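Colleague: If it helps, the file is called start-v4.csv and holds CSV, C-alpha atoms and all ligand atoms:
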```
chain,number,residue,atom,x,y,z
A,231,MET,CA,66.3,34.2,34.5
A,232,HIS,CA,64.5,36.7,36.7
A,233,GLU,CA,66.4,39.3,34.6
A,234,ILE,CA,63.5,39.2,32.2
A,235,SER,CA,61.0,40.2,34.8
A,236,LEU,CA,63.4,42.9,36.0
A,237,VAL,CA,63.6,44.3,32.5
A,238,GLN,CA,59.8,44.2,32.3
A,239,ASN,CA,59.7,46.3,35.5
A,240,LEU,CA,62.2,48.7,33.9
A,241,PHE,CA,60.1,49.1,30.8
A,242,HIS,CA,57.0,49.9,32.9
A,243,GLN,CA,59.0,52.6,34.6
A,244,LEU,CA,60.3,53.9,31.2
A,245,ALA,CA,56.8,54.1,29.9
A,246,ASP,CA,55.8,56.2,32.9
A,247,LEU,CA,58.7,58.5,32.5
A,248,ALA,CA,58.1,59.0,28.8
A,249,LYS,CA,54.5,59.9,29.6
A,250,GLN,CA,55.4,62.3,32.4
A,251,ASN,CA,57.9,64.1,30.2
A,252,LYS,CA,55.7,63.9,27.0
A,253,MET,CA,58.4,62.0,25.1
A,254,SER,CA,57.9,59.3,22.5
A,255,LYS,CA,61.2,57.6,22.1
A,256,VAL,CA,63.9,56.3,24.5
A,257,ILE,CA,67.4,56.9,23.1
A,258,SER,CA,69.5,55.6,26.0
A,259,VAL,CA,69.1,54.0,29.4
A,260,THR,CA,71.9,54.1,32.0
A,261,MET,CA,71.9,51.5,34.7
A,262,GLN,CA,74.1,50.9,37.6
A,263,ILE,CA,74.5,47.2,38.4
A,264,GLY,CA,76.6,45.8,41.2
A,265,PRO,CA,78.2,42.3,41.4
A,266,LEU,CA,76.1,41.4,44.4
A,267,SER,CA,72.8,42.5,42.9
A,268,GLY,CA,72.0,38.9,41.8
A,269,VAL,CA,71.7,40.2,38.2
A,270,VAL,CA,73.7,38.6,35.5
A,271,ILE,CA,74.6,41.5,33.2
A,272,ASP,CA,74.6,39.4,30.0
A,273,SER,CA,71.1,38.1,30.8
A,274,PHE,CA,69.9,41.6,31.6
A,275,GLN,CA,71.3,42.9,28.3
A,276,PHE,CA,69.7,39.9,26.5
A,277,GLY,CA,66.3,40.6,28.1
A,278,PHE,CA,66.6,44.2,27.1
A,279,ASP,CA,67.5,43.4,23.5
A,280,ILE,CA,64.6,40.9,23.2
A,281,LEU,CA,61.9,42.8,24.9
A,282,SER,CA,62.8,46.2,23.3
A,283,LYS,CA,62.2,44.7,19.8
A,284,ASP,CA,58.5,44.6,20.6
A,285,ASP,CA,58.3,47.9,22.3
A,286,ASP,CA,57.7,51.0,20.2
A,287,LEU,CA,59.0,53.4,22.9
A,288,ILE,CA,62.2,51.5,23.5
A,289,ARG,CA,63.1,49.8,20.2
A,290,GLY,CA,66.7,50.7,19.2
A,291,ALA,CA,67.5,52.3,22.5
A,292,GLN,CA,71.0,51.9,23.9
A,293,LEU,CA,71.5,50.2,27.2
A,294,ILE,CA,74.5,51.6,29.1
A,295,ILE,CA,75.6,49.6,32.1
A,296,ASN,CA,78.0,50.9,34.8
A,297,THR,CA,79.2,48.3,37.1
A,298,THR,CA,80.0,49.0,40.7
A,299,ALA,CA,82.5,47.5,43.2
A,300,VAL,CA,82.0,45.8,46.5
A,301,THR,CA,83.9,47.1,49.5
A,302,TYR,CA,85.0,44.3,51.9
A,303,ARG,CA,85.6,45.5,55.5
A,304,CYS,CA,87.7,43.4,57.8
A,305,SER,CA,85.8,42.3,60.9
A,306,LYS,CA,89.0,42.6,63.0
A,307,CYS,CA,91.0,45.6,62.0
A,308,GLY,CA,88.5,47.4,59.9
A,309,ALA,CA,90.8,47.7,56.8
A,310,THR,CA,88.8,47.8,53.5
A,311,GLN,CA,89.5,46.6,50.0
A,312,GLN,CA,87.5,46.9,46.8
A,313,SER,CA,86.6,44.0,44.6
A,314,SER,CA,84.7,43.7,41.4
A,315,GLY,CA,82.9,40.6,42.7
A,316,VAL,CA,85.1,37.8,43.8
A,317,LYS,CA,85.5,37.8,47.6
A,318,PRO,CA,89.1,38.2,48.7
A,319,ASP,CA,90.5,35.3,50.7
A,320,GLY,CA,91.4,37.5,53.6
A,321,CYS,CA,92.1,41.0,54.9
A,322,SER,CA,95.0,42.6,53.0
A,323,ALA,CA,96.2,44.2,56.3
A,324,CYS,CA,95.9,41.4,58.9
A,325,ASP,CA,94.9,38.3,57.0
A,326,GLU,CA,91.6,37.9,59.0
A,327,GLN,CA,89.1,35.7,57.0
A,328,PHE,CA,85.9,37.3,58.2
A,329,LEU,CA,85.1,40.3,55.9
A,330,PHE,CA,81.8,42.1,55.7
A,331,ALA,CA,80.6,43.1,52.2
A,332,GLU,CA,79.4,46.7,51.8
A,333,GLY,CA,77.5,47.9,48.7
A,334,GLY,CA,77.7,46.2,45.4
A,335,ASP,CA,74.1,45.1,45.4
A,336,GLU,CA,72.8,48.0,43.3
A,337,LEU,CA,70.4,47.7,40.5
A,338,ILE,CA,69.7,51.3,39.8
A,339,LEU,CA,68.1,53.2,36.9
A,340,GLN,CA,70.3,56.2,36.8
A,341,LYS,CA,69.1,58.2,33.9
A,342,VAL,CA,67.1,58.1,30.7
A,343,GLU,CA,67.6,60.0,27.5
A,344,MET,CA,64.4,60.5,25.6
A,345,GLU,CA,63.1,62.5,22.6
B,171,MET,CA,54.3,74.7,16.0
B,172,CYS,CA,56.1,71.9,17.6
B,173,ASP,CA,54.0,69.7,19.9
B,174,SER,CA,56.5,68.8,22.5
B,175,CYS,CA,57.9,72.2,23.5
B,176,GLY,CA,55.7,74.8,21.8
B,177,CYS,CA,58.5,76.4,19.9
B,178,ALA,CA,57.9,77.9,16.5
B,179,SER,CA,59.8,75.4,14.4
B,180,PRO,CA,60.3,71.7,14.9
B,181,SER,CA,63.2,71.5,12.6
B,182,ASP,CA,65.9,73.7,14.1
B,183,HIS,CA,66.5,71.9,17.3
B,184,SER,CA,66.2,68.5,18.8
B,185,HIS,CA,63.9,67.7,21.7
B,186,THR,CA,65.9,65.3,23.6
B,187,LYS,CA,65.8,65.3,27.3
B,188,THR,CA,67.8,63.4,29.9
B,189,VAL,CA,66.0,62.6,33.1
B,190,ASP,CA,67.9,61.6,36.2
B,191,VAL,CA,66.1,58.9,38.0
B,192,HIS,CA,68.4,57.1,40.4
B,193,GLU,CA,65.9,54.6,41.5
B,194,SER,CA,66.4,50.9,42.3
B,195,LEU,CA,64.6,48.4,40.2
B,196,PHE,CA,64.0,46.5,43.3
B,197,ALA,CA,62.2,49.5,44.9
B,198,ALA,CA,58.8,48.4,43.7
B,199,ASN,CA,59.3,45.0,45.2
B,200,GLU,CA,60.7,46.4,48.4
B,201,ASN,CA,57.7,48.6,49.0
B,202,ILE,CA,55.3,45.7,48.7
B,203,ALA,CA,57.6,43.6,50.9
B,204,LYS,CA,57.4,46.3,53.5
B,205,SER,CA,53.6,46.2,53.5
B,206,ASN,CA,53.7,42.4,53.6
B,207,ARG,CA,55.8,42.7,56.8
B,208,GLU,CA,53.1,44.9,58.3
B,209,HIS,CA,50.4,42.4,57.3
B,210,PHE,CA,52.4,39.6,59.0
B,211,GLU,CA,53.0,41.6,62.1
B,212,ALA,CA,49.4,42.7,62.4
B,213,MET,CA,48.6,39.0,62.7
B,214,GLY,CA,51.4,38.5,65.1
B,215,ALA,CA,53.1,36.0,62.8
B,216,VAL,CA,56.9,35.5,62.3
B,217,ALA,CA,57.5,35.0,58.5
B,218,ILE,CA,60.3,32.7,57.4
B,219,ASN,CA,61.5,32.5,53.7
B,220,LEU,CA,63.0,29.1,52.8
B,221,ILE,CA,65.4,29.1,49.9
B,222,SER,CA,67.3,26.1,48.4
B,223,SER,CA,68.0,24.2,45.2
B,224,PRO,CA,65.2,21.7,44.2
B,225,GLY,CA,65.0,18.8,46.5
B,226,SER,CA,67.1,20.0,49.4
B,227,GLY,CA,64.3,18.9,51.8
B,228,LYS,CA,62.2,22.1,52.4
B,229,THR,CA,58.8,20.4,52.3
B,230,THR,CA,60.1,17.4,54.3
B,231,LEU,CA,61.5,19.8,56.9
B,232,LEU,CA,58.1,21.6,57.1
B,233,GLU,CA,56.2,18.3,57.5
B,234,HIS,CA,58.3,17.2,60.4
B,235,THR,CA,58.4,20.6,62.0
B,236,ILE,CA,54.6,20.8,61.9
B,237,GLU,CA,54.3,17.4,63.5
B,238,HIS,CA,56.5,18.5,66.4
B,239,LEU,CA,55.3,22.0,66.9
B,240,ARG,CA,51.6,21.8,66.0
B,241,GLU,CA,50.5,22.0,69.6
B,242,GLU,CA,52.8,24.9,70.5
B,243,PHE,CA,52.4,27.2,67.5
B,244,ARG,CA,49.8,28.0,64.9
B,245,ILE,CA,51.6,27.4,61.7
B,246,GLY,CA,50.7,28.3,58.2
B,247,VAL,CA,52.5,27.8,54.9
B,248,ILE,CA,52.7,29.5,51.5
B,249,GLU,CA,54.1,27.1,48.9
B,250,GLY,CA,55.8,28.4,45.8
B,251,ASP,CA,56.2,26.1,42.9
B,252,ILE,CA,56.5,26.5,39.2
B,253,GLU,CA,53.7,24.1,38.2
B,254,THR,CA,52.3,21.7,40.7
B,255,GLU,CA,50.1,21.5,43.8
B,256,ARG,CA,52.1,18.6,45.3
B,257,ASP,CA,53.9,20.3,48.1
B,258,ALA,CA,50.7,22.0,49.3
B,259,GLU,CA,48.9,18.7,49.4
B,260,ARG,CA,51.7,17.3,51.6
B,261,ILE,CA,51.4,20.2,54.0
B,262,ARG,CA,47.5,20.0,53.9
B,263,ALA,CA,47.8,16.4,55.0
B,264,LYS,CA,49.4,17.6,58.2
B,265,GLY,CA,46.3,19.7,59.0
B,266,VAL,CA,47.6,23.2,58.8
B,267,PRO,CA,46.4,26.0,56.5
B,268,VAL,CA,48.4,26.2,53.2
B,269,VAL,CA,48.1,27.9,49.8
B,270,GLN,CA,50.0,26.9,46.7
B,271,LEU,CA,51.2,29.7,44.5
B,272,THR,CA,52.0,28.4,41.1
B,273,THR,CA,54.3,30.9,39.5
B,274,GLY,CA,53.7,29.8,35.9
B,275,GLY,CA,57.3,29.6,35.0
B,276,ALA,CA,58.8,32.3,37.2
B,277,CYS,CA,61.8,31.0,39.0
B,278,HIS,CA,61.2,32.9,42.2
B,279,LEU,CA,58.5,34.3,44.4
B,280,ASP,CA,58.2,38.1,44.6
B,281,ALA,CA,56.5,40.4,47.1
B,282,THR,CA,53.4,40.7,45.0
B,283,MET,CA,52.8,37.0,44.7
B,284,THR,CA,53.4,36.6,48.4
B,285,HIS,CA,50.9,39.4,49.2
B,286,LYS,CA,48.3,37.6,47.1
B,287,GLY,CA,49.1,34.2,48.7
B,288,PHE,CA,48.9,35.7,52.2
B,289,HIS,CA,45.4,37.0,51.7
B,290,GLN,CA,44.4,33.6,50.2
B,291,LEU,CA,45.8,31.9,53.2
B,292,GLN,CA,43.8,34.2,55.6
B,293,LYS,CA,40.6,32.7,54.0
B,294,GLU,CA,41.7,29.1,54.7
B,295,PRO,CA,40.4,27.6,58.0
B,296,GLY,CA,42.8,28.7,60.7
B,297,GLY,CA,44.7,30.9,58.3
B,298,ASP,CA,43.6,34.2,59.9
B,299,LYS,CA,45.7,33.8,63.1
B,300,LEU,CA,49.2,32.4,62.9
B,301,ASP,CA,52.3,32.4,65.0
B,302,ILE,CA,54.7,31.1,62.3
B,303,LEU,CA,54.3,31.6,58.6
B,304,PHE,CA,56.6,29.6,56.4
B,305,ILE,CA,57.1,30.6,52.8
B,306,GLU,CA,58.7,27.8,50.7
B,307,ASN,CA,60.3,29.5,47.8
B,308,VAL,CA,60.7,28.0,44.3
B,309,GLY,CA,63.6,25.5,44.2
B,310,ASN,CA,66.4,27.8,43.0
B,311,LEU,CA,69.5,29.2,44.7
B,312,VAL,CA,69.9,32.2,42.5
B,313,CYS,CA,66.8,34.2,41.7
B,314,PRO,CA,64.9,34.1,45.0
B,315,THR,CA,67.8,35.8,46.8
B,316,SER,CA,67.1,39.1,45.1
B,317,PHE,CA,63.5,39.4,46.2
B,318,ASP,CA,62.5,40.4,49.7
B,319,LEU,CA,59.1,38.9,50.4
B,320,GLY,CA,58.7,40.8,53.7
B,321,GLU,CA,60.0,37.9,55.7
B,322,HIS,CA,61.5,38.4,59.1
B,323,HIS,CA,64.0,35.6,58.7
B,324,ARG,CA,65.6,34.0,55.6
B,325,ILE,CA,66.9,30.5,55.7
B,326,VAL,CA,69.1,28.8,53.0
B,327,LEU,CA,69.2,25.0,52.9
B,328,VAL,CA,71.8,22.7,51.4
B,329,SER,CA,71.5,18.9,51.6
B,330,VAL,CA,74.5,16.6,52.0
B,331,PRO,CA,74.2,15.1,48.5
B,332,GLU,CA,74.5,18.5,46.9
B,333,GLY,CA,78.1,18.9,48.1
B,334,PRO,CA,79.8,21.5,50.3
B,335,ASP,CA,80.7,24.0,47.6
B,336,LYS,CA,77.3,25.7,47.4
B,337,PRO,CA,78.4,28.7,49.6
B,338,ALA,CA,81.3,29.4,47.3
B,339,LYS,CA,79.2,29.0,44.1
B,340,TYR,CA,76.1,30.8,45.2
B,341,PRO,CA,77.4,33.5,47.6
B,342,LYS,CA,74.3,35.7,47.5
B,343,ALA,CA,72.1,32.9,48.9
B,344,PHE,CA,74.4,33.0,52.0
B,345,THR,CA,75.1,36.7,52.3
B,346,SER,CA,71.4,37.5,52.2
B,347,SER,CA,70.3,34.7,54.6
B,348,ASP,CA,70.1,34.7,58.4
B,349,THR,CA,70.5,31.0,58.8
B,350,PHE,CA,72.0,28.1,56.9
B,351,LEU,CA,70.7,24.6,57.4
B,352,ILE,CA,72.7,21.6,56.3
B,353,THR,CA,70.0,18.9,55.7
B,354,LYS,CA,70.0,15.1,55.2
B,355,THR,CA,72.9,14.5,57.5
B,356,ASP,CA,71.9,10.8,57.7
B,357,LEU,CA,73.6,10.6,54.3
B,358,LEU,CA,77.0,11.8,55.5
B,359,PRO,CA,78.5,8.3,55.4
B,360,TYR,CA,77.8,8.1,51.7
B,361,PHE,CA,78.8,11.5,50.5
B,362,ASP,CA,81.9,13.6,50.8
B,363,PHE,CA,80.6,16.5,52.7
B,364,PRO,CA,82.9,18.0,55.3
B,365,VAL,CA,80.3,19.8,57.5
B,366,GLU,CA,82.9,22.0,59.3
B,367,GLU,CA,84.3,23.2,56.0
B,368,ALA,CA,80.9,24.1,54.6
B,369,LYS,CA,80.1,26.0,57.8
B,370,ALA,CA,83.4,27.9,57.7
B,371,GLU,CA,82.9,28.8,54.1
B,372,ALA,CA,79.4,30.2,54.9
B,373,LEU,CA,80.7,32.1,57.8
B,374,ARG,CA,83.5,33.5,55.7
B,375,LEU,CA,80.9,34.9,53.4
B,376,ASN,CA,78.5,36.0,56.1
B,377,PRO,CA,80.0,36.2,59.6
B,378,LYS,CA,76.5,36.7,61.1
B,379,ILE,CA,75.0,33.6,59.6
B,380,LYS,CA,73.8,30.9,62.0
B,381,VAL,CA,74.5,27.3,60.9
B,382,LEU,CA,72.6,24.1,61.9
B,383,ASP,CA,72.8,20.6,60.6
B,384,PHE,CA,70.3,17.8,61.1
B,385,SER,CA,68.4,15.0,59.5
B,386,SER,CA,64.6,15.3,59.1
B,387,LYS,CA,64.5,11.6,58.3
B,388,THR,CA,66.2,10.1,61.3
B,389,GLY,CA,65.6,13.1,63.6
B,390,GLU,CA,69.3,13.4,64.4
B,391,LYS,CA,69.8,16.9,65.9
B,392,PHE,CA,66.3,17.9,64.8
B,393,ASP,CA,65.7,19.1,68.4
B,394,GLU,CA,68.3,21.8,67.9
B,395,TRP,CA,66.3,23.1,64.9
B,396,LEU,CA,63.1,23.0,66.9
B,397,ASP,CA,64.7,24.9,69.7
B,398,PHE,CA,66.1,27.4,67.3
B,399,LEU,CA,62.7,27.9,65.8
B,400,ARG,CA,61.1,28.4,69.3
B,401,ASN,CA,63.6,31.0,70.1
B,402,LEU,CA,63.2,32.8,66.8
B,403,ALA,CA,59.5,32.9,67.1
B,404,THR,CA,59.7,34.4,70.6
B,405,GLU,CA,62.5,36.8,69.7
B,406,VAL,CA,60.8,38.2,66.6
B,407,LYS,CA,57.5,38.5,68.5
B,408,ARG,CA,59.1,40.4,71.3
B,409,GLN,CA,60.8,42.8,68.8
B,410,THR,CA,57.7,43.5,66.7
B,411,ALA,CA,55.2,43.6,69.5
C,1,LIG,N1,67.8,10.7,53.4
C,1,LIG,C1,67.1,11.8,53.6
C,1,LIG,N2,66.3,12.2,52.6
C,1,LIG,C2,65.5,13.3,52.8
C,1,LIG,C3,65.6,14.1,54.0
C,1,LIG,N3,64.8,15.2,53.8
C,1,LIG,C4,64.2,15.0,52.6
C,1,LIG,N4,64.6,13.9,52.0
C,1,LIG,C5,64.2,13.4,50.7
C,1,LIG,O1,64.6,14.3,49.7
C,1,LIG,C6,63.7,14.4,48.6
C,1,LIG,C7,63.2,15.8,48.4
C,1,LIG,O2,62.6,16.4,49.5
C,1,LIG,P1,61.6,17.6,49.5
C,1,LIG,O3,61.3,17.8,50.9
C,1,LIG,O4,60.5,17.3,48.6
C,1,LIG,O5,62.5,18.7,48.9
C,1,LIG,P2,62.1,20.2,48.5
C,1,LIG,O6,63.3,21.1,48.9
C,1,LIG,O7,60.8,20.6,49.1
C,1,LIG,O8,62.0,20.1,47.0
C,1,LIG,P3,61.3,21.1,45.9
C,1,LIG,O9,60.1,21.7,46.5
C,1,LIG,O10,61.1,20.3,44.7
C,1,LIG,O11,62.4,22.2,45.7
C,1,LIG,C8,62.5,13.5,49.1
C,1,LIG,O12,62.7,12.3,48.4
C,1,LIG,C9,62.7,13.4,50.6
C,1,LIG,O13,62.2,12.2,51.1
C,1,LIG,C10,66.5,13.7,55.0
C,1,LIG,O14,66.7,14.3,56.1
C,1,LIG,N5,67.3,12.5,54.7
C,2,MG,MG,59.1,21.4,48.2
C,3,ZN,ZN,64.1,34.4,39.0
C,4,ZN,ZN,92.2,43.1,59.0
```
Spit out the file's structure as structure tokens when you get a sec.
Ligand SMILES: Nc1nc2c(ncn2[C@@H]2O[C@H](COP(=O)(O)OP(=O)(O)OP(=O)(O)O)[C@@H](O)[C@H]2O)c(=O)[nH]1
Ligand SMILES: [Mg+2]
Ligand SMILES: [Zn+2]
Ligand SMILES: [Zn+2]

Modeller:
Amino acid sequence: MHEISLVQNLFHQLADLAKQNKMSKVISVTMQIGPLSGVVIDSFQFGFDILSKDDDLIRGAQLIINTTAVTYRCSKCGATQQSSGVKPDGCSACDEQFLFAEGGDELILQKVEME
Amino acid sequence: MCDSCGCASPSDHSHTKTVDVHESLFAANENIAKSNREHFEAMGAVAINLISSPGSGKTTLLEHTIEHLREEFRIGVIEGDIETERDAERIRAKGVPVVQLTTGGACHLDATMTHKGFHQLQKEPGGDKLDILFIENVGNLVCPTSFDLGEHHRIVLVSVPEGPDKPAKYPKAFTSSDTFLITKTDLLPYFDFPVEEAKAEALRLNPKIKVLDFSSKTGEKFDEWLDFLRNLATEVKRQTA
């Protein structure tokens, strides 16, 4: 459950952003989370819900999560295919088994709406 | 007058603002990891992060490695554990500098904890000049994979009794590691663990991963691990010198 400590980091960052922008309430937080980020989205949402209850700045804020895809590139022919997480068994073009994963490890705070 | 924007009336418009941030939540950890790496390199040490489920044989591997390589390399260890000092005591008994980080419940080490541990280690006798720094992470195949500690090399261990399906079940441990060690091979006669299949599965996830298998207990193929470590230490030193 390192999602909890990641949510804590996020809240520190939100507090800094609110201060810089002289805002007192966070309305929504948009995150981008990839299937290879090591973050379980349900746990992240759970941590956000629990911790925001005790945080005046963030209480009631909406968490919007955009998921990203992983691109698998064939080590032999270079063909690529997208996957939402599960690694394909082989290259769709030549059946080669060795595929390199590209991207999909994002855990990015994209934007924050505040008032 | 409205406090937040200085307009005449606070009631006729809303003061919401959307800020584009686009920053990774791992960024803070990664910055500290980078500075850790500089600390390690300033000392000339190669840092190795060991990740596995509880009980895969990380501490046992370190005990035997220290016995074999003590005369060749100055070795130090940072031990991560949720509660106890036990692993550090086992390493201390081998006569090398060690610090125990008790994470107080956290299921992984992060760069900040490692940074603190490193400075503590420097104060231990012999801890100020190392060739190899081992960092034994908290026993867990999930959380530690997301946190760069500043290591030069990441190793994932799976022991024979755990079964060969770990790469398939915990892919990130394998995609983020440089080397995969299959440990406790003396137990192969008692467990169904097709070594070649496990290797192939790991390679399928990460074509660049290096795979070794050995037993710390009987010493079977342990020399291959020691040679691997010698090469790694020399290689990283050459690259970072
Ligand atoms: N048969 C056999 N047992 C081993 C071997 N290596 C370790 N063990 C045993 O496995 C158990 C766990 O070993 P540890 O080295 O403490 O494992 P660890 O990964 O450090 O465990 P945590 O720190 O709790 O995550 C101990 O009882 C060891 O004696 C081996 O090569 N063969
Ligand atoms: Mg241990
Ligand atoms: Zn964790
Ligand atoms: Zn192909």

Colleague: Using only C-alpha atoms and a distance of at most 10 Å, pull out the residues of chain B that contact chain A, as an mmCIF file with C-alpha atoms, keeping the file's coordinate frame.

Modeller:
```cif
data_model
loop_
_atom_site.group_PDB
_atom_site.id
_atom_site.type_symbol
_atom_site.label_atom_id
_atom_site.label_comp_id
_atom_site.auth_asym_id
_atom_site.auth_seq_id
_atom_site.Cartn_x
_atom_site.Cartn_y
_atom_site.Cartn_z
ATOM 1 C CA ASP B 173 54.000 69.700 19.900
ATOM 2 C CA SER B 174 56.500 68.800 22.500
ATOM 3 C CA CYS B 175 57.900 72.200 23.500
ATOM 4 C CA SER B 184 66.200 68.500 18.800
ATOM 5 C CA HIS B 185 63.900 67.700 21.700
ATOM 6 C CA THR B 186 65.900 65.300 23.600
ATOM 7 C CA LYS B 187 65.800 65.300 27.300
ATOM 8 C CA THR B 188 67.800 63.400 29.900
ATOM 9 C CA VAL B 189 66.000 62.600 33.100
ATOM 10 C CA ASP B 190 67.900 61.600 36.200
ATOM 11 C CA VAL B 191 66.100 58.900 38.000
ATOM 12 C CA HIS B 192 68.400 57.100 40.400
ATOM 13 C CA GLU B 193 65.900 54.600 41.500
ATOM 14 C CA SER B 194 66.400 50.900 42.300
ATOM 15 C CA LEU B 195 64.600 48.400 40.200
ATOM 16 C CA PHE B 196 64.000 46.500 43.300
ATOM 17 C CA ALA B 197 62.200 49.500 44.900
ATOM 18 C CA ALA B 198 58.800 48.400 43.700
ATOM 19 C CA ASN B 199 59.300 45.000 45.200
ATOM 20 C CA ALA B 276 58.800 32.300 37.200
ATOM 21 C CA CYS B 277 61.800 31.000 39.000
ATOM 22 C CA HIS B 278 61.200 32.900 42.200
ATOM 23 C CA VAL B 312 69.900 32.200 42.500
ATOM 24 C CA CYS B 313 66.800 34.200 41.700
ATOM 25 C CA PRO B 314 64.900 34.100 45.000
ATOM 26 C CA THR B 315 67.800 35.800 46.800
ATOM 27 C CA SER B 316 67.100 39.100 45.100
ATOM 28 C CA PHE B 317 63.500 39.400 46.200
ATOM 29 C CA ALA B 338 81.300 29.400 47.300
ATOM 30 C CA TYR B 340 76.100 30.800 45.200
ATOM 31 C CA PRO B 341 77.400 33.500 47.600
ATOM 32 C CA LYS B 342 74.300 35.700 47.500
ATOM 33 C CA ALA B 343 72.100 32.900 48.900
ATOM 34 C CA THR B 345 75.100 36.700 52.300
ATOM 35 C CA SER B 346 71.400 37.500 52.200
ATOM 36 C CA ALA B 370 83.400 27.900 57.700
ATOM 37 C CA GLU B 371 82.900 28.800 54.100
ATOM 38 C CA LEU B 373 80.700 32.100 57.800
ATOM 39 C CA ARG B 374 83.500 33.500 55.700
ATOM 40 C CA LEU B 375 80.900 34.900 53.400
ATOM 41 C CA ASN B 376 78.500 36.000 56.100
ATOM 42 C CA PRO B 377 80.000 36.200 59.600
ATOM 43 C CA LYS B 378 76.500 36.700 61.100
#
```

Colleague: Enumerate as a PyMOL selection string the residues within 12 Å of ligand MG 2 (chain C), counting only C-alpha atoms and all ligand atoms.

Modeller: chain B and resi 220-233+247-261+270+304-310+327

Colleague: From (67.1, 46.3, 25.5), in the file's coordinates, out to 8 Å: which residues are reached, counting only C-alpha atoms? Answer as a list in words.

Modeller: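 So the residues meeting the distance criterion are Gln275, Phe276, Gly277, Phe278, Asp279, Ile280, Leu281, Ser282, Lys283, Ile288, Arg289, Gly290, Ala291, Gln292 and Leu293 of chain A.
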
Colleague: What gap, in Å, lies between CA of Phe288 in chain B and CA of Asn206 in chain B?

Modeller: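 Atom-to-atom, CA of Phe288 in chain B to CA of Asn206 in chain B, that is 8.4 Å.
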
Colleague: Neighbours of ligand ZN 4 (chain C) at 6 Å or closer, counting all atoms listed in the file: which residues, as an NGL selection string?

Modeller: :A and (304 or 306-309 or 321 or 323-326)

Colleague: Using C-alpha atoms, can you export the residues from the last selection as a short mmCIF file (atom, residue, chain, number, x, y, z; two decimals), in the frame of the given file?

Modeller:
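Output saved as out14.cif:
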```cif
data_model
loop_
_atom_site.label_atom_id
_atom_site.label_comp_id
_atom_site.auth_asym_id
_atom_site.auth_seq_id
_atom_site.Cartn_x
_atom_site.Cartn_y
_atom_site.Cartn_z
CA CYS A 304 87.70 43.40 57.80
CA LYS A 306 89.00 42.60 63.00
CA CYS A 307 91.00 45.60 62.00
CA GLY A 308 88.50 47.40 59.90
CA ALA A 309 90.80 47.70 56.80
CA CYS A 321 92.10 41.00 54.90
CA ALA A 323 96.20 44.20 56.30
CA CYS A 324 95.90 41.40 58.90
CA ASP A 325 94.90 38.30 57.00
CA GLU A 326 91.60 37.90 59.00
#
```

Colleague: Show me, as a list in words, the residues that have an atom within 9 Å of Gln290 in chain B when counting only C-alpha atoms, minus same-chain residues fewer than 5 positions from it.

Modeller: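 Answer for this query is Val268, Val269, His285 and Gly297 of chain B.
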
Colleague: Show me the residues close to (65.2, 36.6, 56.1) - anything with an atom within 6 Å, counting all atoms listed in the file - and format the list as a short mmCIF file (atom, residue, chain, number, x, y, z; two decimals) with C-alpha atoms, in the coordinates of the input.

Modeller:
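New file point.cif:
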```cif
data_model
loop_
_atom_site.label_atom_id
_atom_site.label_comp_id
_atom_site.auth_asym_id
_atom_site.auth_seq_id
_atom_site.Cartn_x
_atom_site.Cartn_y
_atom_site.Cartn_z
CA GLU B 321 60.00 37.90 55.70
CA HIS B 322 61.50 38.40 59.10
CA HIS B 323 64.00 35.60 58.70
CA ARG B 324 65.60 34.00 55.60
CA SER B 347 70.30 34.70 54.60
CA ASP B 348 70.10 34.70 58.40
#
```

Colleague: Between atom N5 of ligand LIG 1 (chain C) and CA of Glu332 in chain B, what is the distance in Å, rounded to a tenth?

Modeller: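 It comes out at 12.2 Å.
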
Colleague: Between B:Ile325, B:Leu396, B:Val330, B:Leu357, which residue has the minimum interatomic distance to Val381 in chain B, considering only C-alpha atoms?

Modeller: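 Among B:Ile325, B:Leu396, B:Val330, B:Leu357, it is B:Ile325 that comes nearest to Val381 in chain B.
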